[in-house]
>>> print(open('model-v7.txt').read())   # compact mmCIF, C-alpha atoms
# COMPACT_ATOMS: atom_id res chain seq x y z
CA MET P 2 -27.32 -8.23 -11.00
CA VAL P 3 -24.70 -9.20 -13.61
CA GLU P 4 -25.50 -8.75 -17.27
CA GLY P 5 -23.21 -9.15 -20.27
CA GLY P 6 -21.64 -5.84 -21.23
CA SER P 7 -22.98 -3.95 -18.18
CA TYR P 8 -21.42 -2.92 -14.90
CA LEU P 9 -21.97 -4.69 -11.59
CA GLU P 10 -24.73 -3.38 -9.38
CA GLY P 11 -26.51 -4.15 -6.12
CA ARG P 12 -25.64 -7.05 -3.86
CA THR P 13 -23.34 -8.68 -6.38
CA ALA P 14 -21.25 -5.53 -6.61
CA LEU P 15 -20.97 -5.36 -2.82
CA ARG P 16 -20.07 -9.05 -2.57
CA VAL P 17 -17.20 -8.67 -5.03
CA VAL P 18 -15.81 -5.70 -3.10
CA ALA P 19 -16.13 -7.62 0.18
CA VAL P 20 -14.17 -10.61 -1.17
CA PHE P 21 -11.33 -8.48 -2.51
CA ALA P 22 -11.33 -6.36 0.66
CA ALA P 23 -10.97 -9.43 2.90
CA ALA P 24 -7.77 -10.46 1.13
CA TYR P 25 -6.40 -6.92 1.13
CA PHE P 26 -7.13 -6.69 4.86
CA LEU P 27 -4.64 -9.51 5.45
CA SER P 28 -2.13 -8.05 3.01
CA TYR P 29 -2.04 -4.71 4.79
CA ALA P 30 -2.00 -6.26 8.25
CA LEU P 31 1.09 -8.23 7.27
CA ARG P 32 2.69 -5.11 5.83
CA ALA P 33 2.22 -3.16 9.06
CA ILE P 34 2.68 -5.83 11.72
CA ASN P 35 6.45 -5.40 12.09
CA ALA P 36 5.91 -1.93 13.52
CA VAL P 37 4.44 -3.62 16.62
CA ILE P 38 6.52 -6.81 16.84
CA ALA P 39 9.80 -4.99 16.07
CA PRO P 40 10.95 -4.82 19.73
CA ALA P 41 10.31 -8.56 20.19
CA LEU P 42 12.16 -9.41 16.98
CA MET P 43 15.13 -7.22 17.93
CA THR P 44 15.31 -8.83 21.38
CA ASP P 45 14.89 -12.43 20.21
CA LEU P 46 17.33 -12.18 17.30
CA ASP P 47 19.65 -9.38 18.48
CA LEU P 48 18.93 -7.25 15.39
CA SER P 49 20.34 -3.80 14.65
CA ASN P 50 18.19 -1.02 13.17
CA ALA P 51 19.65 -1.78 9.74
CA ASP P 52 18.86 -5.50 10.19
CA LEU P 53 15.31 -4.64 11.18
CA GLY P 54 14.87 -2.36 8.17
CA LEU P 55 16.25 -5.05 5.86
CA LEU P 56 14.03 -7.74 7.37
CA SER P 57 10.88 -5.63 7.13
CA SER P 58 11.71 -4.52 3.59
CA ALA P 59 11.85 -8.18 2.46
CA TYR P 60 8.07 -7.90 2.11
CA PHE P 61 8.57 -5.08 -0.37
CA VAL P 62 11.28 -6.98 -2.25
CA GLY P 63 9.01 -9.98 -2.81
CA PHE P 64 6.06 -7.75 -3.56
CA GLY P 65 7.94 -5.54 -5.98
CA CYS P 66 9.55 -8.38 -7.92
CA MET P 67 6.10 -9.74 -8.75
CA GLN P 68 4.48 -6.56 -10.02
CA LEU P 69 5.47 -6.72 -13.68
CA PRO P 70 4.62 -10.43 -14.14
CA ILE P 71 1.36 -9.92 -12.24
CA GLY P 72 0.26 -7.15 -14.60
CA VAL P 73 0.58 -9.47 -17.60
CA TRP P 74 -1.06 -12.38 -15.78
CA LEU P 75 -4.00 -10.28 -14.65
CA ASP P 76 -4.64 -9.01 -18.17
CA ARG P 77 -4.42 -12.53 -19.62
CA TYR P 78 -5.91 -14.82 -16.96
CA GLY P 79 -8.07 -12.60 -14.77
CA ALA P 80 -8.03 -11.50 -11.15
CA ARG P 81 -9.61 -14.56 -9.50
CA ARG P 82 -7.10 -17.20 -10.57
CA ILE P 83 -4.00 -15.10 -10.04
CA GLU P 84 -4.90 -13.75 -6.60
CA SER P 85 -6.12 -17.06 -5.16
CA ALA P 86 -3.01 -18.92 -6.37
CA LEU P 87 -0.59 -16.33 -4.98
CA LEU P 88 -2.31 -16.29 -1.59
CA LEU P 89 -1.17 -19.89 -1.15
CA PHE P 90 2.43 -18.68 -1.36
CA ALA P 91 1.65 -16.04 1.27
CA ALA P 92 0.37 -18.75 3.61
CA LEU P 93 3.59 -20.72 3.08
CA GLY P 94 5.65 -17.62 3.80
CA ALA P 95 3.78 -16.96 7.04
CA ALA P 96 4.44 -20.55 8.14
CA ILE P 97 8.17 -20.20 7.33
CA PHE P 98 8.33 -16.91 9.25
CA ALA P 99 6.61 -18.49 12.26
CA SER P 100 9.00 -21.45 12.36
CA SER P 101 12.35 -19.73 11.62
CA SER P 102 14.99 -18.81 14.19
CA SER P 103 17.53 -17.08 11.94
CA LEU P 104 17.50 -13.71 10.22
CA ALA P 105 17.89 -15.44 6.84
CA GLY P 106 14.89 -17.70 7.46
CA LEU P 107 12.71 -14.84 8.64
CA TRP P 108 13.77 -12.76 5.64
CA CYS P 109 12.84 -15.55 3.21
CA GLY P 110 9.49 -16.06 4.92
CA ARG P 111 8.64 -12.38 4.82
CA ALA P 112 9.76 -12.09 1.18
CA LEU P 113 7.48 -15.01 0.29
CA ILE P 114 4.63 -13.28 2.09
CA GLY P 115 5.28 -10.25 -0.10
CA VAL P 116 5.15 -12.46 -3.20
CA GLY P 117 1.90 -14.04 -2.07
CA VAL P 118 -0.04 -10.87 -1.31
CA SER P 119 1.37 -8.93 -4.24
CA ALA P 120 -1.86 -9.19 -6.25
CA CYS P 121 -4.33 -8.32 -3.48
CA LEU P 122 -4.79 -4.70 -4.52
CA MET P 123 -3.84 -5.00 -8.20
CA ALA P 124 -6.29 -7.87 -8.80
CA ALA P 125 -9.07 -5.81 -7.26
CA LEU P 126 -8.25 -2.71 -9.31
CA LYS P 127 -8.04 -4.80 -12.48
CA ALA P 128 -11.49 -6.28 -11.82
CA TYR P 129 -12.96 -2.92 -10.83
CA ARG P 130 -11.66 -1.27 -14.01
CA GLY P 131 -13.76 -3.58 -16.19
CA TRP P 132 -16.66 -4.42 -13.89
CA TYR P 133 -17.60 -1.00 -12.44
CA ALA P 134 -18.32 2.41 -13.95
CA PRO P 135 -15.34 4.80 -14.36
CA GLU P 136 -16.80 7.40 -11.99
CA ARG P 137 -16.77 4.81 -9.18
CA GLN P 138 -13.08 3.95 -9.49
CA SER P 139 -11.75 6.43 -6.91
CA GLN P 140 -14.49 5.39 -4.48
CA LEU P 141 -13.66 1.70 -4.90
CA ALA P 142 -9.94 2.35 -4.47
CA SER P 143 -10.69 4.28 -1.28
CA TRP P 144 -12.84 1.43 0.03
CA MET P 145 -9.96 -0.96 -0.55
CA LEU P 146 -7.65 1.29 1.42
CA VAL P 147 -10.24 1.47 4.20
CA SER P 148 -10.09 -2.33 4.35
CA GLY P 149 -6.30 -2.21 4.33
CA THR P 150 -6.23 0.36 7.09
CA ILE P 151 -8.52 -1.82 9.19
CA GLY P 152 -5.91 -4.52 8.64
CA ALA P 153 -3.26 -2.12 9.88
CA LEU P 154 -5.46 -1.41 12.91
CA SER P 155 -5.67 -5.12 13.65
CA SER P 156 -1.88 -5.28 13.77
CA THR P 157 -1.56 -2.62 16.49
CA VAL P 158 -3.40 -2.97 19.82
CA PRO P 159 -4.80 -6.49 19.13
CA VAL P 160 -1.34 -7.84 18.24
CA ALA P 161 0.27 -6.01 21.15
CA MET P 162 -2.26 -7.69 23.47
CA LEU P 163 -1.59 -11.13 21.95
CA LEU P 164 2.21 -10.95 22.04
CA PRO P 165 2.64 -11.48 25.83
CA ARG P 166 0.17 -14.37 25.74
CA VAL P 167 1.02 -16.36 22.62
CA GLY P 168 4.16 -14.76 21.15
CA TRP P 169 4.78 -13.52 17.63
CA ARG P 170 5.30 -17.02 16.25
CA MET P 171 1.77 -18.16 17.11
CA VAL P 172 0.41 -14.92 15.65
CA PHE P 173 1.99 -15.85 12.31
CA TRP P 174 0.68 -19.41 12.45
CA GLY P 175 -2.80 -17.94 12.79
CA ILE P 176 -2.15 -15.62 9.86
CA ALA P 177 -1.09 -18.59 7.73
CA LEU P 178 -4.48 -20.23 8.30
CA ALA P 179 -6.30 -16.98 7.52
CA LEU P 180 -4.42 -16.67 4.22
CA LEU P 181 -5.47 -20.17 3.20
CA ALA P 182 -9.09 -19.26 3.93
CA ALA P 183 -8.76 -16.06 1.88
CA ALA P 184 -7.40 -18.00 -1.11
CA LEU P 185 -10.41 -20.32 -1.02
CA LEU P 186 -12.81 -17.37 -0.69
CA VAL P 187 -11.41 -15.55 -3.73
CA PHE P 188 -11.32 -18.68 -5.89
CA THR P 189 -14.88 -19.82 -5.17
CA ARG P 190 -16.90 -16.65 -4.57
CA LEU P 191 -15.77 -14.76 -7.68
CA ARG P 192 -16.13 -17.60 -10.21
CA ASP P 193 -19.68 -16.87 -11.41
CA VAL P 194 -19.18 -13.11 -11.55
CA GLU P 195 -15.97 -13.42 -13.54
CA ARG P 196 -17.60 -15.73 -16.09
CA ALA P 197 -20.65 -13.50 -16.50
CA MET P 198 -18.59 -10.33 -16.99
CA ALA P 199 -16.18 -12.07 -19.38
CA ALA P 200 -19.12 -13.22 -21.53
CA GLY P 201 -20.14 -9.63 -22.18
CA ASP P 202 -16.68 -8.08 -22.34
CA SER P 203 -16.06 -6.52 -25.72
CA ALA P 204 -12.72 -4.97 -24.84
CA ALA P 205 -9.81 -5.84 -27.07
CA ALA P 206 -7.38 -8.42 -25.81
CA PRO P 207 -4.06 -7.01 -24.69
CA GLY P 208 -1.31 -6.91 -27.28
CA ASP P 209 2.16 -8.32 -27.02
CA HIS P 210 3.90 -5.01 -26.42
CA GLY P 211 4.23 -5.72 -22.71
CA TYR P 212 4.97 -2.61 -20.68
CA ALA P 213 6.57 -0.54 -23.43
CA GLU P 214 3.54 1.69 -24.00
CA ILE P 215 3.18 2.37 -20.30
CA PHE P 216 6.80 3.12 -19.43
CA ARG P 217 7.20 5.31 -22.55
CA ASP P 218 4.38 7.57 -21.42
CA PRO P 219 5.88 10.79 -19.92
CA TYR P 220 2.82 11.23 -17.73
CA PHE P 221 3.32 7.79 -16.22
CA ARG P 222 6.99 8.49 -15.49
CA ARG P 223 6.14 11.78 -13.83
CA MET P 224 3.52 10.18 -11.59
CA ALA P 225 5.76 7.20 -10.84
CA VAL P 226 8.49 9.36 -9.28
CA LEU P 227 5.96 11.13 -7.08
CA GLY P 228 4.33 7.85 -6.07
CA ALA P 229 7.63 6.13 -5.24
CA VAL P 230 8.82 8.88 -2.93
CA HIS P 231 5.59 9.97 -1.24
CA GLN P 232 3.20 7.02 -1.31
CA GLY P 233 5.91 4.36 -1.22
CA GLY P 234 7.73 6.21 1.55
CA PHE P 235 4.55 6.48 3.58
CA MET P 236 4.09 2.72 3.30
CA ALA P 237 7.62 2.30 4.68
CA ILE P 238 6.96 4.66 7.59
CA GLN P 239 3.54 3.25 8.44
CA SER P 240 4.63 -0.38 8.27
CA LEU P 241 7.81 -0.04 10.35
CA TRP P 242 9.32 3.25 11.47
CA ALA P 243 6.22 4.81 13.01
CA GLY P 244 6.45 2.43 15.97
CA PRO P 245 10.19 2.90 16.70
CA TRP P 246 9.73 6.67 16.29
CA MET P 247 7.11 6.79 19.01
CA VAL P 248 9.17 4.61 21.33
CA THR P 249 12.59 6.19 20.69
CA VAL P 250 11.81 9.83 19.88
CA LEU P 251 8.60 10.37 21.83
CA GLY P 252 9.56 8.16 24.78
CA MET P 253 6.46 5.95 24.71
CA SER P 254 6.28 2.39 25.98
CA VAL P 255 5.44 -0.37 23.50
CA GLN P 256 1.86 -0.44 24.78
CA GLU P 257 1.51 3.34 24.50
CA ALA P 258 2.97 3.27 21.01
CA SER P 259 0.56 0.53 19.94
CA ARG P 260 -2.37 2.65 21.15
CA ALA P 261 -1.03 5.69 19.31
CA LEU P 262 -0.60 3.62 16.15
CA PHE P 263 -4.14 2.33 16.56
CA ALA P 264 -5.44 5.92 16.74
CA PHE P 265 -3.28 6.90 13.77
CA ASN P 266 -4.56 4.05 11.59
CA PHE P 267 -8.14 4.55 12.76
CA CYS P 268 -8.05 8.20 11.68
CA LEU P 269 -6.39 7.14 8.43
CA MET P 270 -9.30 4.76 7.83
CA LEU P 271 -11.81 7.57 8.46
CA SER P 272 -9.88 9.76 6.04
CA TYR P 273 -10.12 7.13 3.31
CA LEU P 274 -13.85 6.82 4.00
CA GLY P 275 -14.22 10.58 3.73
CA LEU P 276 -12.26 10.60 0.50
CA SER P 277 -14.48 7.84 -0.94
CA TRP P 278 -17.47 10.14 -0.37
CA TRP P 279 -15.85 13.44 -1.35
CA ALA P 280 -13.82 12.53 -4.45
CA PRO P 281 -16.69 11.21 -6.65
CA ARG P 282 -18.59 14.44 -5.98
CA HIS P 283 -15.89 17.11 -6.20
CA VAL P 284 -12.87 15.81 -8.13
CA ALA P 285 -12.75 15.93 -11.94
CA TYR P 286 -11.91 12.86 -14.03
CA GLY P 287 -11.72 13.37 -17.79
CA LYS P 288 -14.49 15.76 -18.86
CA ARG P 289 -16.40 15.60 -15.59
CA PRO P 290 -16.43 19.00 -13.82
CA GLY P 291 -14.70 19.44 -10.50
CA LEU P 292 -11.37 20.18 -8.90
CA PRO P 293 -8.35 19.08 -10.98
CA VAL P 294 -7.03 15.80 -9.60
CA LEU P 295 -3.37 16.72 -9.75
CA ARG P 296 -3.96 20.04 -7.99
CA VAL P 297 -5.65 18.22 -5.10
CA VAL P 298 -2.73 15.76 -4.97
CA ALA P 299 -0.13 18.56 -4.94
CA ILE P 300 -1.87 20.47 -2.14
CA GLY P 301 -2.28 17.36 0.00
CA LEU P 302 1.35 16.30 -0.40
CA ALA P 303 2.64 19.79 0.33
CA GLY P 304 0.64 19.69 3.55
CA SER P 305 2.05 16.28 4.45
CA VAL P 306 5.64 17.54 3.99
CA PHE P 307 4.93 20.52 6.25
CA VAL P 308 3.44 18.30 8.97
CA GLN P 309 6.45 15.97 8.85
CA CYS P 310 8.72 18.97 9.37
CA LEU P 311 6.76 19.78 12.52
CA MET P 312 7.05 16.16 13.67
CA ILE P 313 10.83 16.38 13.42
CA LEU P 314 11.09 19.80 15.05
CA LEU P 315 8.72 18.96 17.93
CA PRO P 316 9.89 15.66 19.48
CA PHE P 317 7.51 15.84 22.44
CA GLY P 318 5.06 13.28 23.79
CA TRP P 319 1.99 15.13 22.56
CA SER P 320 3.35 15.47 19.02
CA TRP P 321 2.09 11.97 18.14
CA LEU P 322 -1.09 13.88 17.25
CA LEU P 323 0.79 15.28 14.25
CA TRP P 324 0.91 11.74 12.86
CA ILE P 325 -2.87 11.82 12.56
CA VAL P 326 -2.70 15.03 10.53
CA PHE P 327 0.02 13.43 8.41
CA GLY P 328 -2.29 10.49 7.71
CA LEU P 329 -5.15 12.80 6.72
CA MET P 330 -2.95 14.59 4.19
CA ILE P 331 -1.30 11.56 2.60
CA THR P 332 -4.59 9.95 1.53
CA VAL P 333 -4.60 12.12 -1.62
CA THR P 334 -2.15 9.62 -3.11
CA THR P 335 -5.19 7.39 -3.73
CA LEU P 336 -6.41 9.93 -6.27
CA ALA P 337 -3.06 9.80 -8.06
CA GLN P 338 -3.20 6.00 -8.31
CA THR P 339 -6.75 6.07 -9.69
CA HIS P 340 -5.76 8.79 -12.16
CA VAL P 341 -2.96 6.58 -13.50
CA SER P 342 -5.30 3.58 -13.78
CA LEU P 343 -7.84 5.53 -15.85
CA ALA P 344 -5.13 6.92 -18.13
CA PHE P 345 -4.90 3.59 -19.95
CA PRO P 346 -7.58 1.41 -21.61
CA PRO P 347 -9.09 -1.56 -19.70
CA SER P 348 -7.04 -4.08 -21.72
CA LEU P 349 -3.88 -2.55 -20.18
CA ALA P 350 -5.32 -1.88 -16.73
CA GLY P 351 -3.51 -4.77 -15.07
CA ARG P 352 -0.17 -3.67 -16.45
CA ALA P 353 -0.71 0.04 -15.78
CA ASN P 354 -1.68 -0.60 -12.15
CA SER P 355 1.13 -3.08 -11.59
CA ALA P 356 3.78 -0.87 -13.19
CA PHE P 357 2.76 2.02 -10.94
CA ASN P 358 2.58 -0.25 -7.92
CA LEU P 359 6.09 -1.50 -8.67
CA THR P 360 7.41 2.04 -8.36
CA LEU P 361 5.61 2.41 -5.03
CA PHE P 362 7.27 -0.68 -3.61
CA ILE P 363 10.68 0.27 -4.94
CA GLY P 364 10.22 3.49 -3.00
CA ALA P 365 8.94 1.65 0.07
CA PHE P 366 11.88 -0.75 0.10
CA SER P 367 14.42 2.04 -0.43
CA VAL P 368 12.96 4.30 2.25
CA GLN P 369 12.44 1.53 4.78
CA TRP P 370 15.96 0.15 4.53
CA GLY P 371 17.51 3.56 3.89
CA ILE P 372 16.15 5.04 7.12
CA GLY P 373 17.56 2.11 9.08
CA LEU P 374 20.97 2.56 7.46
CA LEU P 375 20.95 6.29 8.17
CA ILE P 376 19.97 5.78 11.81
CA ASP P 377 22.88 3.39 12.35
CA LEU P 378 25.24 5.70 10.45
CA PHE P 379 24.33 8.77 12.49
CA ALA P 380 24.54 6.77 15.72
CA HIS P 381 28.00 5.57 14.69
CA LEU P 382 28.99 9.21 14.17
CA GLY P 383 28.10 9.93 17.80
CA LEU P 384 24.51 11.17 17.69
CA SER P 385 22.03 9.98 20.30
CA ALA P 386 19.36 7.47 19.27
CA VAL P 387 16.76 10.24 19.27
CA ASP P 388 18.79 12.65 17.15
CA ALA P 389 19.88 9.90 14.76
CA MET P 390 16.28 8.97 14.05
CA ARG P 391 15.20 12.61 13.68
CA LEU P 392 18.03 13.35 11.26
CA ALA P 393 17.26 10.22 9.21
CA MET P 394 13.64 11.31 8.93
CA ALA P 395 14.76 14.81 7.95
CA CYS P 396 16.73 13.33 5.04
CA TYR P 397 13.58 11.61 3.84
CA VAL P 398 11.60 14.87 4.08
CA VAL P 399 14.21 16.58 1.90
CA LEU P 400 13.75 13.82 -0.67
CA GLN P 401 9.98 14.33 -0.59
CA THR P 402 10.38 18.05 -1.11
CA ALA P 403 12.59 17.48 -4.15
CA ALA P 404 10.14 14.98 -5.67
CA LEU P 405 7.20 17.35 -5.16
CA ALA P 406 9.16 20.22 -6.75
CA MET P 407 9.92 18.04 -9.79
CA PHE P 408 6.25 17.11 -10.04
CA LEU P 409 5.12 20.72 -9.94
CA ALA P 410 7.71 21.71 -12.54
CA GLY P 411 6.72 18.89 -14.91
CA LYS P 412 5.54 19.93 -18.36
CA ASN P 413 3.24 16.96 -18.89
CA ARG P 414 0.42 17.93 -16.55
CA THR P 415 -2.32 15.68 -17.90
CA ALA P 416 -2.62 12.11 -19.07
CA PRO P 417 -3.11 12.10 -22.87
CA ALA P 418 -5.10 8.88 -22.78
CA LEU P 419 -7.33 9.84 -19.87
CA SER P 420 -10.22 11.34 -21.81
CA ALA P 421 -10.22 8.48 -24.29
CA ALA P 422 -10.31 5.95 -21.46
CA LEU P 423 -13.59 7.34 -20.16
CA PRO P 424 -16.98 6.96 -21.82
>>> encode(input="model-v7.txt", output="C-alpha cells")
Amino acid sequence: MVEGGSYLEGRTALRVVAVFAAAYFLSYALRAINAVIAPALMTDLDLSNADLGLLSSAYFVGFGCMQLPIGVWLDRYGARRIESALLLFAALGAAIFASSSSLAGLWCGRALIGVGVSACLMAALKAYRGWYAPERQSQLASWMLVSGTIGALSSTVPVAMLLPRVGWRMVFWGIALALLAAALLVFTRLRDVERAMAAGDSAAAPGDHGYAEIFRDPYFRRMAVLGAVHQGGFMAIQSLWAGPWMVTVLGMSVQEASRALFAFNFCLMLSYLGLSWWAPRHVAYGKRPGLPVLRVVAIGLAGSVFVQCLMILLPFGWSWLLWIVFGLMITVTTLAQTHVSLAFPPSLAGRANSAFNLTLFIGAFSVQWGIGLLIDLFAHLGLSAVDAMRLAMACYVVLQTAALAMFLAGKNRTAPALSAALP
C-alpha cells in the first residue's frame, strides 16, 4: 500500500523492485556479454587484446560520461522518466552494434548502450532511498545485484549455446527488442507509485550547488578511491577478462569457460542473496548495533586480494574454483556503496549515488583497457600469452593492495552525515 509520507510495503513494494530489477538484468547482461562473445569478435574483426579491451570498455565510457548529469536529472525529474528515456538509447546502441562491421561502429554502438543503461542501478537506488526505510537499503541494493548477476548468468552458457546457431549479431537484435520492452515497463508500471510517493514527500528540493558538497567530503573521496580500484576493477574482470583468463591461462575451451563463468556468476548471485539476509541483521548503520560496515568491507577486500594472488600463482585447470571464492569476497563492496548513499540526505541521493558510480566506471574502464594494453606489452617483450596475462593481472593486484592500504590508513573513518541521514 502507498500512503503519502510513508514507505512502500507489501505487493507494491515488491512490484517496484521487480520493475527496476528487470531493467538492471539487461544492463548487467550487456556489461558481461563480451566475456563470452570475445573469441567470435576477435575472429570476425581480427582484433588484438588491446582492441578488445578498448571495445569492451566503450560501455564504461558511455556509462561513466552520463553519471554526473544523471544524478542531477534523477534528483530533479525522478527515476521513472530518466530511466525509461535512456533505455531507448540503449536499444538504439544494441541495434547499431548488431549491424556494424567495423571496430569504430561496434565501439559507438557499445558506448551508446552504456549511455542507455547508465541509470538502471542509480534510478533504482534513488527511488529506494526515498520510498523504502533506511534499514532496508543494503538489502534492496543486494537484491538489485542478484538481478544483475542473473543477467550475467544469462550471458554465459545461454549465449554460448546461441552463438553457433544464430550468431552474435542476432543476439544483439534480440537484446534491442528487450530494451524497448524494458523502457515501456519502467515508464508505465511506476507512474502511479511515483505520483503517490511524491505527494507525501516532505524532503527539501535539491539546491543548486551541484556536486560540490559531495566531492568536498573527505569521506566520499576516501570511499571513491577504494570503489574505483576494487569494485570498478571487479566489473572490468567479470565483464571481459574472466573469459580470456580461463581460455588462455587455464587452457579451457570456450564452452568449458562459459560453464565455469556460469558457475562463478551463479555463486556470486547466491553470495548477494546471502548478503541481503545477513547485512540487515548484523551490520551497523548509523546508531544501529552491529559490526562496523567499513571493517566488514576491509576484511572482505583483503580476502579478495589474497585469493587473486592464489589465482595468479596457481594457473592450473582446477584453480577456476578460486574465482568462486573471489566472487564471495568481493560482494562486500555492496555495503560500501550503500554506506555512501546513506551518508547524504535524500535530496542529494541521486547525485551521491551517481558520483560514486562514476568513480566505479572510471576504474572499470581503466582496468579493462589497461589489462589489455599490459598483455600486449608483455607479449611484445617476449612473454608467452599465459605469462603476459598473469603478469598483467599481478599488476592489477598490486594496485588493489595499494588502494586498500590507503583506505586503512585514512583518518576519516566515518561519514559525518551518516547519523543525520537516518531517522
>>> closest_residue(input="model-v7.txt", among="P:Gly11, P:Gly233, P:Gly411, P:Gly54", to="Asp377 (chain P)", atoms="only C-alpha atoms")
P:Gly54
>>> atom_distance(input="model-v7.txt", atom1="CA of Leu75 (chain P)", atom2="CA of Glu214 (chain P)")
17.0 Å
>>> closest_atom_pairs(input="model-v7.txt", of="region 14-106 of chain P", to="region 181-189 of chain P", cutoff="7 Å", atoms="all atoms listed in the file", output="Markdown table")
| residue | atom | partner | partner_atom | distance |
| --- | --- | --- | --- | --- |
| P:Val20 | CA | P:Val187 | CA | 6.2 |
| P:Ala24 | CA | P:Ala183 | CA | 5.7 |
| P:Arg81 | CA | P:Phe188 | CA | 5.7 |
| P:Arg82 | CA | P:Phe188 | CA | 6.5 |
| P:Ser85 | CA | P:Ala184 | CA | 4.4 |
| P:Ala86 | CA | P:Ala184 | CA | 6.9 |
| P:Leu88 | CA | P:Ala184 | CA | 5.4 |
| P:Leu89 | CA | P:Leu181 | CA | 6.1 |
| P:Ala92 | CA | P:Leu181 | CA | 6.0 |
>>> atom_distance(input="model-v7.txt", atom1="CA of Pro135 (chain P)", atom2="CA of Ala225 (chain P)")
21.5 Å
>>> axis_aligned_box(input="model-v7.txt", around="region 160-165 of chain P", padding_each_side="5 Å", output="JSON")
{"center_x": 0.2, "center_y": -8.7, "center_z": 22.0, "size_x": 14.9, "size_y": 15.5, "size_z": 17.6}
>>> atom_distance(input="model-v7.txt", atom1="CA of Ile372 (chain P)", atom2="CA of Met145 (chain P)")
27.9 Å
>>> closest_residue(input="model-v7.txt", among="P:Leu359, P:Val368, P:Cys121, P:Leu241", to="Glu84 (chain P)", atoms="all atoms listed in the file")
P:Cys121
>>> residues_around(input="model-v7.txt", residues="region 383-389 of chain P", least_positions_apart="3", cutoff="9 Å", atoms="all atoms listed in the file", output="NGL selection string")
:P and (246 or 249-251 or 316 or 375-380 or 392-394)
>>> residues_around(input="model-v7.txt", residues="region 294-310 of chain P", least_positions_apart="6", cutoff="10 Å", atoms="all atoms listed in the file", output="number ranges by chain")
P: 224, 227, 231-232, 280, 283-287, 323-337, 339-340, 394-395, 397-399, 401-402, 405-406, 408-409, 414-415
>>> closest_residue(input="model-v7.txt", among="P:Gly234, P:Gly131, P:Pro347, P:Pro159", to="Trp370 (chain P)", atoms="all atoms listed in the file")
P:Gly234
>>> residues_near_point(input="model-v7.txt", point="(-4.7, -0.8, -19.6)", cutoff="10 Å", atoms="all atoms listed in the file", output="list in words")
Gly72, Asp76, Lys127, Arg130, Pro207, Tyr212, Glu214, Ile215, Val341, Ser342, Leu343, Ala344, Phe345, Pro346, Pro347, Ser348, Leu349, Ala350, Gly351, Arg352, Ala353, Asn354 and Ala422 of chain P
>>> closest_residue(input="model-v7.txt", among="P:Gly291, P:Gly318, P:Pro281, P:Pro40", to="Ala261 (chain P)", atoms="only C-alpha atoms")
P:Gly318
>>> residues_near_point(input="model-v7.txt", point="(-3.7, -0.5, -1.2)", cutoff="8 Å", atoms="all atoms listed in the file", output="list in words")
Tyr25, Tyr29, Leu122, Ala142, Met145, Leu146 and Gly149 of chain P
>>> closest_atom_pairs(input="model-v7.txt", of="region 21-123 of chain P", to="region 263-267 of chain P", cutoff="12 Å", atoms="all atoms listed in the file", output="CSV")
residue,atom,partner,partner_atom,distance
P:Tyr29,CA,P:Asn266,CA,11.4
P:Ala30,CA,P:Asn266,CA,11.1
P:Ala33,CA,P:Asn266,CA,10.2
P:Ile34,CA,P:Phe263,CA,11.7
P:Ala36,CA,P:Phe263,CA,11.3
P:Val37,CA,P:Phe263,CA,10.4
>>> residues_around(input="model-v7.txt", residues="Val194 (chain P)", least_positions_apart="3", cutoff="12 Å", atoms="only C-alpha atoms", output="PyMOL selection string")
chain P and resi 2-5+7-10+12-18+20+79-81+128-129+131-132+187-191+197-201
>>> closest_residue(input="model-v7.txt", among="P:Phe362, P:Asp193, P:Gln138, P:Leu315", to="Val116 (chain P)", atoms="all atoms listed in the file")
P:Phe362
>>> residues_around(input="model-v7.txt", residues="Val160 (chain P)", least_positions_apart="2", cutoff="12 Å", atoms="only C-alpha atoms", output="count of residues only")
37
>>> closest_residue(input="model-v7.txt", among="P:Gln140, P:Tyr133, P:Ser103, P:Leu93", to="Leu48 (chain P)", atoms="only C-alpha atoms")
P:Ser103
>>> residues_around(input="model-v7.txt", residues="Ser57 (chain P)", least_positions_apart="3", cutoff="12 Å", atoms="all atoms listed in the file", output="number ranges by chain")
P: 31-39, 42-43, 48, 50-54, 60-64, 98, 104, 107-112, 114-115, 236-242, 365-373
